[in-house]
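First the structure, in the form of structure tokens, and then the observations on it.
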Amino acid sequence: FFTPGVLVQTVMFSAIFSGMSMIVDMDTGILSRMLATPVTRVSIILGRVIAAVVVILIQTGIMLGIAAIMGVDIKTGIGGVLLIFLLIALIGLSLAAFSNGLAILLKRQEGLMAVVNLITLPLMFLSTMMMPSQVLPGWLNTVRHFNPIDYAIVGIRGLVLEGYVWNDLWKALAVLIGVVTVMVIFATMMFRKRAE
């Protein structure tokens with residue numbers, strides 16, 4: 001039960017702090033040099049986001065390996081593991097894009113840390129990451145339906161514990177693809193308008 005929550009929590013914290021390296025590059029002048037090259041601005045930001053996702057997928061593989069050693073049996077087998085990687089990649093893409101866009105907007109590590117902590121902790125605790133929906137208070141059970149992180153957790157948990165729960169998987173994929181689209185647009189807009 002706890003494995004999907006741990007996977008998503010790890011992804012959240014890895015992805016949401018990926019914007020810190022963007023601020024370091026702005027402070028040291030590396031980003032200015034990159035902007036002077038003929039490389040498109042969109043490819044610079046997408047390259048950073050995709051690099052963060054690659055690291056996240058490696059972490060996910062390691063964690064799934066440790067979970068298997070500890071006796072976690074993924075009911076859906078290899079197909080389910082591939083879907084878990086897809087859901088994790090979508091969460092990573094959305095949060096890494098948001099973090100990099102926010103880094104360009106705020107331009108300070110302190111501001112970025114304050115905002116991402118303000119966002120990630122409520123996302124984590126207003127979900128079924130640590131406890132099943134049946135034991136949540138009524139208001140929290142309602143609020144979690146507006147939390148994209150919860151859709152990922154429910155989708156991954158179904159793959160691990162129950163099998164292919166297609167209703168949960170389609171919802172998770174639809175919500176996460178929508179969030180990824182919005183966050184990539186946000187990061188690209190911030191980079192085009194504010195990167196120096």
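Residues in the structure tokens are numbered from 1 in each chain, the chains being A, B, ... in the order shown, and ligands are numbered from 1 in the order shown.
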Residues of stretch 39-105 of chain A at most 12 Å from stretch 153-162 of chain A: nearest atom pair and distance in Å, only C-alpha atoms, as a Markdown table:
```
| residue | atom | partner | partner_atom | distance |
| --- | --- | --- | --- | --- |
| A:Leu64 | CA | A:Val160 | CA | 10.6 |
| A:Ala67 | CA | A:Val160 | CA | 10.8 |
| A:Ala68 | CA | A:Val160 | CA | 11.0 |
| A:Gly71 | CA | A:Val160 | CA | 11.9 |
| A:Val72 | CA | A:Val160 | CA | 8.2 |
| A:Asp73 | CA | A:Val160 | CA | 7.0 |
| A:Ile74 | CA | A:Val160 | CA | 4.3 |
| A:Lys75 | CA | A:Val160 | CA | 5.4 |
| A:Thr76 | CA | A:Leu159 | CA | 5.8 |
| A:Gly77 | CA | A:Val160 | CA | 8.6 |
| A:Ile78 | CA | A:Leu159 | CA | 10.5 |
| A:Gly79 | CA | A:Leu159 | CA | 9.3 |
| A:Gly80 | CA | A:Leu159 | CA | 5.7 |
| A:Val81 | CA | A:Leu159 | CA | 8.0 |
| A:Leu82 | CA | A:Leu159 | CA | 10.2 |
| A:Leu83 | CA | A:Ile156 | CA | 8.1 |
| A:Ile84 | CA | A:Ile156 | CA | 5.8 |
| A:Phe85 | CA | A:Ile156 | CA | 9.3 |
| A:Leu86 | CA | A:Ile156 | CA | 10.0 |
| A:Leu87 | CA | A:Ile156 | CA | 7.5 |
| A:Ile88 | CA | A:Ile156 | CA | 8.8 |
| A:Ile91 | CA | A:Ile153 | CA | 10.2 |
```
Only N, CA, C and O atoms, please: the residues just picked out, written as a tab-separated table (two decimals), in the first residue's frame.
```
chain	number	residue	atom	x	y	z
A	64	LEU	N	11.68	0.58	-7.18
A	64	LEU	CA	10.87	-0.60	-7.49
A	64	LEU	C	11.68	-1.88	-7.27
A	64	LEU	O	11.14	-2.89	-6.82
A	67	ALA	N	11.72	-2.41	-3.59
A	67	ALA	CA	10.39	-2.87	-3.18
A	67	ALA	C	10.22	-4.36	-3.50
A	67	ALA	O	9.67	-5.12	-2.69
A	68	ALA	N	10.68	-4.78	-4.68
A	68	ALA	CA	10.57	-6.20	-5.07
A	68	ALA	C	11.38	-7.07	-4.12
A	68	ALA	O	10.92	-8.15	-3.70
A	71	GLY	N	9.62	-7.75	-1.00
A	71	GLY	CA	8.43	-8.59	-1.08
A	71	GLY	C	7.21	-7.96	-1.71
A	71	GLY	O	6.13	-8.56	-1.69
A	72	VAL	N	7.34	-6.76	-2.26
A	72	VAL	CA	6.19	-6.13	-2.93
A	72	VAL	C	5.96	-6.86	-4.25
A	72	VAL	O	6.86	-6.97	-5.08
A	73	ASP	N	4.75	-7.35	-4.44
A	73	ASP	CA	4.39	-8.07	-5.65
A	73	ASP	C	3.47	-7.17	-6.48
A	73	ASP	O	2.34	-6.87	-6.07
A	74	ILE	N	3.95	-6.73	-7.64
A	74	ILE	CA	3.14	-5.86	-8.50
A	74	ILE	C	2.21	-6.75	-9.30
A	74	ILE	O	2.65	-7.55	-10.13
A	75	LYS	N	0.92	-6.63	-9.04
A	75	LYS	CA	-0.09	-7.53	-9.60
A	75	LYS	C	-0.14	-7.50	-11.12
A	75	LYS	O	-0.53	-8.48	-11.74
A	76	THR	N	0.24	-6.40	-11.73
A	76	THR	CA	0.11	-6.26	-13.18
A	76	THR	C	1.38	-6.66	-13.93
A	76	THR	O	1.40	-6.57	-15.17
A	77	GLY	N	2.43	-7.06	-13.24
A	77	GLY	CA	3.64	-7.54	-13.89
A	77	GLY	C	4.38	-6.44	-14.65
A	77	GLY	O	4.32	-5.26	-14.31
A	78	ILE	N	5.05	-6.85	-15.75
A	78	ILE	CA	5.88	-5.94	-16.52
A	78	ILE	C	5.06	-4.81	-17.15
A	78	ILE	O	5.47	-3.65	-17.16
A	79	GLY	N	3.87	-5.14	-17.66
A	79	GLY	CA	3.01	-4.10	-18.25
A	79	GLY	C	2.65	-3.03	-17.24
A	79	GLY	O	2.65	-1.84	-17.54
A	80	GLY	N	2.35	-3.46	-16.02
A	80	GLY	CA	2.04	-2.50	-14.96
A	80	GLY	C	3.24	-1.66	-14.57
A	80	GLY	O	3.10	-0.46	-14.30
A	81	VAL	N	4.43	-2.26	-14.56
A	81	VAL	CA	5.65	-1.51	-14.25
A	81	VAL	C	5.87	-0.41	-15.30
A	81	VAL	O	6.21	0.73	-14.97
A	82	LEU	N	5.63	-0.74	-16.57
A	82	LEU	CA	5.78	0.26	-17.63
A	82	LEU	C	4.77	1.40	-17.46
A	82	LEU	O	5.11	2.57	-17.66
A	83	LEU	N	3.55	1.06	-17.07
A	83	LEU	CA	2.55	2.11	-16.81
A	83	LEU	C	2.92	2.95	-15.60
A	83	LEU	O	2.69	4.16	-15.58
A	84	ILE	N	3.52	2.32	-14.58
A	84	ILE	CA	4.00	3.08	-13.42
A	84	ILE	C	5.06	4.09	-13.86
A	84	ILE	O	5.02	5.26	-13.47
A	85	PHE	N	5.99	3.64	-14.71
A	85	PHE	CA	7.02	4.56	-15.23
A	85	PHE	C	6.38	5.70	-16.01
A	85	PHE	O	6.83	6.85	-15.91
A	86	LEU	N	5.33	5.41	-16.78
A	86	LEU	CA	4.66	6.46	-17.54
A	86	LEU	C	4.02	7.49	-16.61
A	86	LEU	O	4.18	8.70	-16.80
A	87	LEU	N	3.30	7.02	-15.59
A	87	LEU	CA	2.66	7.94	-14.64
A	87	LEU	C	3.70	8.76	-13.89
A	87	LEU	O	3.54	9.97	-13.69
A	88	ILE	N	4.79	8.11	-13.48
A	88	ILE	CA	5.87	8.81	-12.78
A	88	ILE	C	6.49	9.87	-13.69
A	88	ILE	O	6.78	10.99	-13.27
A	91	ILE	N	4.21	12.91	-13.85
A	91	ILE	CA	4.31	13.74	-12.63
A	91	ILE	C	5.63	14.52	-12.66
A	91	ILE	O	5.67	15.71	-12.38
```
Excluding A:Ala96 and any residue of its chain fewer than 3 positions from it, enumerate the residues within 6 Å of it, using only C-alpha atoms, and give them as a list in words.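 Once the adjacent positions are removed, what remains is Ala15, Ile16, Ser18, Val49, Gly92, Leu93 and Ser99 of chain A.
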Write the residues of the selection above to a file with N, CA and C atoms, as an mmCIF file, in the first residue's frame.
```cif
data_model
loop_
_atom_site.group_PDB
_atom_site.id
_atom_site.type_symbol
_atom_site.label_atom_id
_atom_site.label_comp_id
_atom_site.auth_asym_id
_atom_site.auth_seq_id
_atom_site.Cartn_x
_atom_site.Cartn_y
_atom_site.Cartn_z
ATOM 1 N N ALA A 15 11.585 16.410 -8.467
ATOM 2 C CA ALA A 15 11.187 17.272 -9.590
ATOM 3 C C ALA A 15 10.997 18.719 -9.165
ATOM 4 N N ILE A 16 10.378 18.933 -8.018
ATOM 5 C CA ILE A 16 9.998 20.292 -7.648
ATOM 6 C C ILE A 16 11.217 21.146 -7.298
ATOM 7 N N SER A 18 14.082 20.829 -8.963
ATOM 8 C CA SER A 18 14.975 20.857 -10.128
ATOM 9 C C SER A 18 15.231 22.281 -10.624
ATOM 10 N N VAL A 49 14.115 19.996 -18.240
ATOM 11 C CA VAL A 49 12.981 19.253 -17.691
ATOM 12 C C VAL A 49 13.131 17.758 -17.984
ATOM 13 N N GLY A 92 6.710 13.817 -12.987
ATOM 14 C CA GLY A 92 8.019 14.464 -13.034
ATOM 15 C C GLY A 92 8.073 15.598 -14.036
ATOM 16 N N LEU A 93 7.513 15.369 -15.229
ATOM 17 C CA LEU A 93 7.484 16.425 -16.253
ATOM 18 C C LEU A 93 6.747 17.653 -15.759
ATOM 19 N N SER A 99 8.686 23.906 -11.665
ATOM 20 C CA SER A 99 9.808 24.376 -10.863
ATOM 21 C C SER A 99 10.746 25.267 -11.675
#
```
Filtered DSSP result for stretch 77-143 of chain A, state helix (DSSP H, G or I), as a ChimeraX atom specification: /A:77-106,109-125,133-135,138-143
For A:Met129, the closest of A:Tyr151, A:Tyr164, A:Trp170, A:Phe146 counting only C-alpha atoms is A:Tyr151
Give the answer as one residue: which of A:Val8, A:Thr3, A:Ile149, A:Ala52 has the shortest atom-to-atom distance to A:Gly65, using only C-alpha atoms?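 Checking each candidate against A:Gly65, we get A:Thr3 as the closest.
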For A:Leu90, which residue among A:Val180, A:Met12, A:Ile69, A:Met189 is the nearest when counting only C-alpha atoms? A:Val180
What separation in Å, quoted to one decimal, exists between atom CA of A:Gly101 and atom CA of A:His145?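 Going from atom CA of A:Gly101 over to atom CA of A:His145 covers 25.3 Å.
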Identify, on the basis of only C-alpha atoms, every residue whose closest approach to A:Thr128 does not exceed 8 Å; exclude the query and any residue fewer than 2 positions from it along the same chain; express the result as a list in words.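 Once the adjacent positions are removed, what remains is Gly5, Phe125, Leu126, Met130, Met131, Pro132, Ser133, Arg144, Asp150, Ile153 and Val154 of chain A.
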Nearest residue to A:Leu106 from the set A:Val6, A:Met20, A:Met63, A:Leu176 (distances using only C-alpha atoms):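 For A:Leu106, the nearest of the candidates is A:Met20.
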Applying 12 Å and only C-alpha atoms, which residues near A:Asp25 remain after dropping the ones on its own chain fewer than 3 positions away? List them as a PDB file with all heavy atoms, in the first residue's frame.
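Just written: result-v4.pdb:
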```
ATOM      1  N   SER A  18      14.082  20.829  -8.963  1.00  0.00           N
ATOM      2  CA  SER A  18      14.975  20.857 -10.128  1.00  0.00           C
ATOM      3  C   SER A  18      15.231  22.281 -10.624  1.00  0.00           C
ATOM      4  O   SER A  18      16.223  22.534 -11.310  1.00  0.00           O
ATOM      5  CB  SER A  18      14.402  19.997 -11.258  1.00  0.00           C
ATOM      6  OG  SER A  18      13.219  20.561 -11.773  1.00  0.00           O
ATOM      7  N   GLY A  19      14.364  23.217 -10.262  1.00  0.00           N
ATOM      8  CA  GLY A  19      14.558  24.607 -10.665  1.00  0.00           C
ATOM      9  C   GLY A  19      15.728  25.292  -9.969  1.00  0.00           C
ATOM     10  O   GLY A  19      16.187  26.345 -10.414  1.00  0.00           O
ATOM     11  N   MET A  20      16.223  24.682  -8.891  1.00  0.00           N
ATOM     12  CA  MET A  20      17.352  25.288  -8.171  1.00  0.00           C
ATOM     13  C   MET A  20      18.583  25.407  -9.068  1.00  0.00           C
ATOM     14  O   MET A  20      19.304  26.401  -9.015  1.00  0.00           O
ATOM     15  CB  MET A  20      17.696  24.456  -6.933  1.00  0.00           C
ATOM     16  CG  MET A  20      16.581  24.400  -5.925  1.00  0.00           C
ATOM     17  SD  MET A  20      16.226  26.003  -5.230  1.00  0.00           S
ATOM     18  CE  MET A  20      17.008  25.842  -3.670  1.00  0.00           C
ATOM     19  N   SER A  21      18.806  24.390  -9.913  1.00  0.00           N
ATOM     20  CA  SER A  21      19.979  24.458 -10.797  1.00  0.00           C
ATOM     21  C   SER A  21      19.812  25.562 -11.848  1.00  0.00           C
ATOM     22  O   SER A  21      20.794  26.142 -12.303  1.00  0.00           O
ATOM     23  CB  SER A  21      20.227  23.105 -11.468  1.00  0.00           C
ATOM     24  OG  SER A  21      19.121  22.747 -12.279  1.00  0.00           O
ATOM     25  N   MET A  22      18.557  25.854 -12.218  1.00  0.00           N
ATOM     26  CA  MET A  22      18.309  26.962 -13.143  1.00  0.00           C
ATOM     27  C   MET A  22      18.736  28.286 -12.510  1.00  0.00           C
ATOM     28  O   MET A  22      19.358  29.131 -13.162  1.00  0.00           O
ATOM     29  CB  MET A  22      16.824  27.009 -13.518  1.00  0.00           C
ATOM     30  CG  MET A  22      16.436  28.177 -14.394  1.00  0.00           C
ATOM     31  SD  MET A  22      17.052  28.069 -16.070  1.00  0.00           S
ATOM     32  CE  MET A  22      15.886  26.929 -16.768  1.00  0.00           C
ATOM     33  N   THR A  28      25.376  32.375 -12.086  1.00  0.00           N
ATOM     34  CA  THR A  28      26.771  32.227 -12.515  1.00  0.00           C
ATOM     35  C   THR A  28      27.000  32.665 -13.960  1.00  0.00           C
ATOM     36  O   THR A  28      28.134  32.662 -14.430  1.00  0.00           O
ATOM     37  CB  THR A  28      27.234  30.760 -12.359  1.00  0.00           C
ATOM     38  OG1 THR A  28      26.353  29.909 -13.112  1.00  0.00           O
ATOM     39  CG2 THR A  28      27.244  30.340 -10.900  1.00  0.00           C
ATOM     40  N   GLY A  29      25.942  33.016 -14.674  1.00  0.00           N
ATOM     41  CA  GLY A  29      26.081  33.488 -16.043  1.00  0.00           C
ATOM     42  C   GLY A  29      26.060  32.388 -17.098  1.00  0.00           C
ATOM     43  O   GLY A  29      26.167  32.668 -18.300  1.00  0.00           O
ATOM     44  N   ILE A  30      25.906  31.140 -16.677  1.00  0.00           N
ATOM     45  CA  ILE A  30      25.881  30.026 -17.639  1.00  0.00           C
ATOM     46  C   ILE A  30      24.671  30.152 -18.555  1.00  0.00           C
ATOM     47  O   ILE A  30      24.768  29.932 -19.769  1.00  0.00           O
ATOM     48  CB  ILE A  30      25.882  28.669 -16.899  1.00  0.00           C
ATOM     49  CG1 ILE A  30      27.219  28.476 -16.192  1.00  0.00           C
ATOM     50  CG2 ILE A  30      25.604  27.517 -17.859  1.00  0.00           C
ATOM     51  CD1 ILE A  30      27.269  27.287 -15.267  1.00  0.00           C
ATOM     52  N   LEU A  31      23.530  30.522 -17.995  1.00  0.00           N
ATOM     53  CA  LEU A  31      22.314  30.634 -18.808  1.00  0.00           C
ATOM     54  C   LEU A  31      22.467  31.733 -19.864  1.00  0.00           C
ATOM     55  O   LEU A  31      22.035  31.561 -21.004  1.00  0.00           O
ATOM     56  CB  LEU A  31      21.094  30.910 -17.921  1.00  0.00           C
ATOM     57  CG  LEU A  31      19.751  30.914 -18.633  1.00  0.00           C
ATOM     58  CD1 LEU A  31      19.469  29.576 -19.296  1.00  0.00           C
ATOM     59  CD2 LEU A  31      18.639  31.261 -17.664  1.00  0.00           C
ATOM     60  N   SER A  32      23.089  32.845 -19.503  1.00  0.00           N
ATOM     61  CA  SER A  32      23.309  33.923 -20.476  1.00  0.00           C
ATOM     62  C   SER A  32      24.154  33.443 -21.643  1.00  0.00           C
ATOM     63  O   SER A  32      23.871  33.771 -22.801  1.00  0.00           O
ATOM     64  CB  SER A  32      24.008  35.106 -19.811  1.00  0.00           C
ATOM     65  OG  SER A  32      23.201  35.644 -18.798  1.00  0.00           O
ATOM     66  N   ARG A  33      25.163  32.628 -21.342  1.00  0.00           N
ATOM     67  CA  ARG A  33      26.009  32.095 -22.421  1.00  0.00           C
ATOM     68  C   ARG A  33      25.215  31.135 -23.308  1.00  0.00           C
ATOM     69  O   ARG A  33      25.406  31.112 -24.529  1.00  0.00           O
ATOM     70  CB  ARG A  33      27.225  31.380 -21.825  1.00  0.00           C
ATOM     71  CG  ARG A  33      28.204  32.336 -21.182  1.00  0.00           C
ATOM     72  CD  ARG A  33      29.495  31.619 -20.770  1.00  0.00           C
ATOM     73  NE  ARG A  33      30.210  32.420 -19.800  1.00  0.00           N
ATOM     74  CZ  ARG A  33      30.253  32.156 -18.490  1.00  0.00           C
ATOM     75  NH1 ARG A  33      29.634  31.114 -17.998  1.00  0.00           N
ATOM     76  NH2 ARG A  33      30.933  32.940 -17.684  1.00  0.00           N
ATOM     77  N   MET A  34      24.348  30.329 -22.678  1.00  0.00           N
ATOM     78  CA  MET A  34      23.532  29.402 -23.463  1.00  0.00           C
ATOM     79  C   MET A  34      22.558  30.154 -24.371  1.00  0.00           C
ATOM     80  O   MET A  34      22.310  29.753 -25.502  1.00  0.00           O
ATOM     81  CB  MET A  34      22.765  28.464 -22.526  1.00  0.00           C
ATOM     82  CG  MET A  34      23.637  27.430 -21.844  1.00  0.00           C
ATOM     83  SD  MET A  34      22.727  26.404 -20.695  1.00  0.00           S
ATOM     84  CE  MET A  34      21.837  25.372 -21.818  1.00  0.00           C
ATOM     85  N   LEU A  35      22.030  31.271 -23.882  1.00  0.00           N
ATOM     86  CA  LEU A  35      21.092  32.056 -24.675  1.00  0.00           C
ATOM     87  C   LEU A  35      21.786  32.745 -25.850  1.00  0.00           C
ATOM     88  O   LEU A  35      21.126  33.122 -26.818  1.00  0.00           O
ATOM     89  CB  LEU A  35      20.404  33.101 -23.794  1.00  0.00           C
ATOM     90  CG  LEU A  35      19.424  32.539 -22.760  1.00  0.00           C
ATOM     91  CD1 LEU A  35      18.958  33.630 -21.812  1.00  0.00           C
ATOM     92  CD2 LEU A  35      18.247  31.865 -23.426  1.00  0.00           C
ATOM     93  N   ILE A  44      16.227  24.635 -24.601  1.00  0.00           N
ATOM     94  CA  ILE A  44      16.995  24.772 -23.360  1.00  0.00           C
ATOM     95  C   ILE A  44      16.135  24.371 -22.165  1.00  0.00           C
ATOM     96  O   ILE A  44      16.555  23.572 -21.328  1.00  0.00           O
ATOM     97  CB  ILE A  44      17.536  26.212 -23.190  1.00  0.00           C
ATOM     98  CG1 ILE A  44      18.572  26.518 -24.276  1.00  0.00           C
ATOM     99  CG2 ILE A  44      18.158  26.396 -21.809  1.00  0.00           C
ATOM    100  CD1 ILE A  44      19.015  27.966 -24.312  1.00  0.00           C
ATOM    101  N   ARG A  48      16.293  20.728 -19.844  1.00  0.00           N
ATOM    102  CA  ARG A  48      16.428  20.684 -18.378  1.00  0.00           C
ATOM    103  C   ARG A  48      15.340  19.820 -17.757  1.00  0.00           C
ATOM    104  O   ARG A  48      15.601  19.035 -16.848  1.00  0.00           O
ATOM    105  CB  ARG A  48      16.334  22.086 -17.790  1.00  0.00           C
ATOM    106  CG  ARG A  48      17.526  22.925 -18.075  1.00  0.00           C
ATOM    107  CD  ARG A  48      17.390  24.276 -17.391  1.00  0.00           C
ATOM    108  NE  ARG A  48      18.700  24.840 -17.216  1.00  0.00           N
ATOM    109  CZ  ARG A  48      19.532  24.496 -16.238  1.00  0.00           C
ATOM    110  NH1 ARG A  48      19.184  23.626 -15.353  1.00  0.00           N
ATOM    111  NH2 ARG A  48      20.720  25.057 -16.154  1.00  0.00           N
ATOM    112  N   ASN A 100      11.054  24.866 -12.909  1.00  0.00           N
ATOM    113  CA  ASN A 100      11.946  25.667 -13.741  1.00  0.00           C
ATOM    114  C   ASN A 100      11.294  26.983 -14.154  1.00  0.00           C
ATOM    115  O   ASN A 100      11.950  28.025 -14.181  1.00  0.00           O
ATOM    116  CB  ASN A 100      12.397  24.863 -14.966  1.00  0.00           C
ATOM    117  CG  ASN A 100      13.523  23.923 -14.629  1.00  0.00           C
ATOM    118  OD1 ASN A 100      14.671  24.312 -14.588  1.00  0.00           O
ATOM    119  ND2 ASN A 100      13.189  22.674 -14.354  1.00  0.00           N
ATOM    120  N   ALA A 103      11.404  29.151 -11.130  1.00  0.00           N
ATOM    121  CA  ALA A 103      12.771  29.623 -10.884  1.00  0.00           C
ATOM    122  C   ALA A 103      13.079  30.843 -11.742  1.00  0.00           C
ATOM    123  O   ALA A 103      13.680  31.815 -11.268  1.00  0.00           O
ATOM    124  CB  ALA A 103      13.769  28.510 -11.175  1.00  0.00           C
ATOM    125  N   ILE A 104      12.651  30.800 -12.991  1.00  0.00           N
ATOM    126  CA  ILE A 104      12.890  31.944 -13.885  1.00  0.00           C
ATOM    127  C   ILE A 104      12.082  33.153 -13.428  1.00  0.00           C
ATOM    128  O   ILE A 104      12.547  34.284 -13.479  1.00  0.00           O
ATOM    129  CB  ILE A 104      12.542  31.554 -15.333  1.00  0.00           C
ATOM    130  CG1 ILE A 104      13.526  30.496 -15.828  1.00  0.00           C
ATOM    131  CG2 ILE A 104      12.561  32.767 -16.248  1.00  0.00           C
ATOM    132  CD1 ILE A 104      13.085  29.780 -17.065  1.00  0.00           C
ATOM    133  N   LYS A 107      13.739  34.010  -9.597  1.00  0.00           N
ATOM    134  CA  LYS A 107      15.172  34.302  -9.710  1.00  0.00           C
ATOM    135  C   LYS A 107      15.953  34.227  -8.389  1.00  0.00           C
ATOM    136  O   LYS A 107      17.090  34.656  -8.319  1.00  0.00           O
ATOM    137  CB  LYS A 107      15.410  35.678 -10.349  1.00  0.00           C
ATOM    138  CG  LYS A 107      14.873  35.808 -11.757  1.00  0.00           C
ATOM    139  CD  LYS A 107      15.254  37.133 -12.360  1.00  0.00           C
ATOM    140  CE  LYS A 107      14.613  37.389 -13.682  1.00  0.00           C
ATOM    141  NZ  LYS A 107      14.901  36.466 -14.732  1.00  0.00           N
ATOM    142  N   ARG A 108      15.345  33.686  -7.346  1.00  0.00           N
ATOM    143  CA  ARG A 108      16.041  33.559  -6.052  1.00  0.00           C
ATOM    144  C   ARG A 108      15.734  32.199  -5.452  1.00  0.00           C
ATOM    145  O   ARG A 108      14.590  31.752  -5.451  1.00  0.00           O
ATOM    146  CB  ARG A 108      15.602  34.650  -5.089  1.00  0.00           C
ATOM    147  CG  ARG A 108      16.047  36.050  -5.491  1.00  0.00           C
ATOM    148  CD  ARG A 108      15.660  37.063  -4.440  1.00  0.00           C
ATOM    149  NE  ARG A 108      16.189  36.700  -3.131  1.00  0.00           N
ATOM    150  CZ  ARG A 108      17.327  37.174  -2.631  1.00  0.00           C
ATOM    151  NH1 ARG A 108      18.050  38.011  -3.325  1.00  0.00           N
ATOM    152  NH2 ARG A 108      17.731  36.819  -1.440  1.00  0.00           N
ATOM    153  N   GLN A 109      16.784  31.570  -4.894  1.00  0.00           N
ATOM    154  CA  GLN A 109      16.598  30.236  -4.304  1.00  0.00           C
ATOM    155  C   GLN A 109      15.656  30.271  -3.112  1.00  0.00           C
ATOM    156  O   GLN A 109      14.842  29.363  -2.942  1.00  0.00           O
ATOM    157  CB  GLN A 109      17.956  29.658  -3.885  1.00  0.00           C
ATOM    158  CG  GLN A 109      18.830  29.281  -5.050  1.00  0.00           C
ATOM    159  CD  GLN A 109      20.126  28.625  -4.623  1.00  0.00           C
ATOM    160  OE1 GLN A 109      20.432  28.529  -3.435  1.00  0.00           O
ATOM    161  NE2 GLN A 109      20.889  28.160  -5.592  1.00  0.00           N
ATOM    162  N   ALA A 195      13.789  35.009 -19.140  1.00  0.00           N
ATOM    163  CA  ALA A 195      15.179  34.519 -19.063  1.00  0.00           C
ATOM    164  C   ALA A 195      16.128  35.567 -19.639  1.00  0.00           C
ATOM    165  O   ALA A 195      15.852  36.151 -20.676  1.00  0.00           O
ATOM    166  CB  ALA A 195      15.302  33.206 -19.820  1.00  0.00           C
ATOM    167  N   GLU A 196      17.238  35.782 -18.977  1.00  0.00           N
ATOM    168  CA  GLU A 196      18.211  36.777 -19.423  1.00  0.00           C
ATOM    169  C   GLU A 196      19.594  36.142 -19.499  1.00  0.00           C
ATOM    170  O   GLU A 196      19.915  35.332 -18.699  1.00  0.00           O
ATOM    171  CB  GLU A 196      18.249  37.956 -18.436  1.00  0.00           C
ATOM    172  CG  GLU A 196      16.919  38.679 -18.364  1.00  0.00           C
ATOM    173  CD  GLU A 196      16.873  39.724 -17.252  1.00  0.00           C
ATOM    174  OE1 GLU A 196      17.854  39.840 -16.507  1.00  0.00           O
ATOM    175  OE2 GLU A 196      15.864  40.394 -17.146  1.00  0.00           O
TER     176      GLU A 196
END
```
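With distances restricted to only C-alpha atoms, A:Ala97 is the closest residue to A:Ile45 from A:Asp168, A:Val115, A:Ala97, A:Val179.
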Please report the interatomic distance between atom CA of A:Val55 and atom CA of A:Gln9 in Å with one decimal.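 Value for the atom CA of A:Val55-atom CA of A:Gln9 distance: 14.5 Å.
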Could you please determine the separation between atom CA of A:Phe1 and atom CA of A:Asn167 in Å, to one decimal place?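 Atom CA of A:Asn167 lies 18.9 Å from atom CA of A:Phe1.
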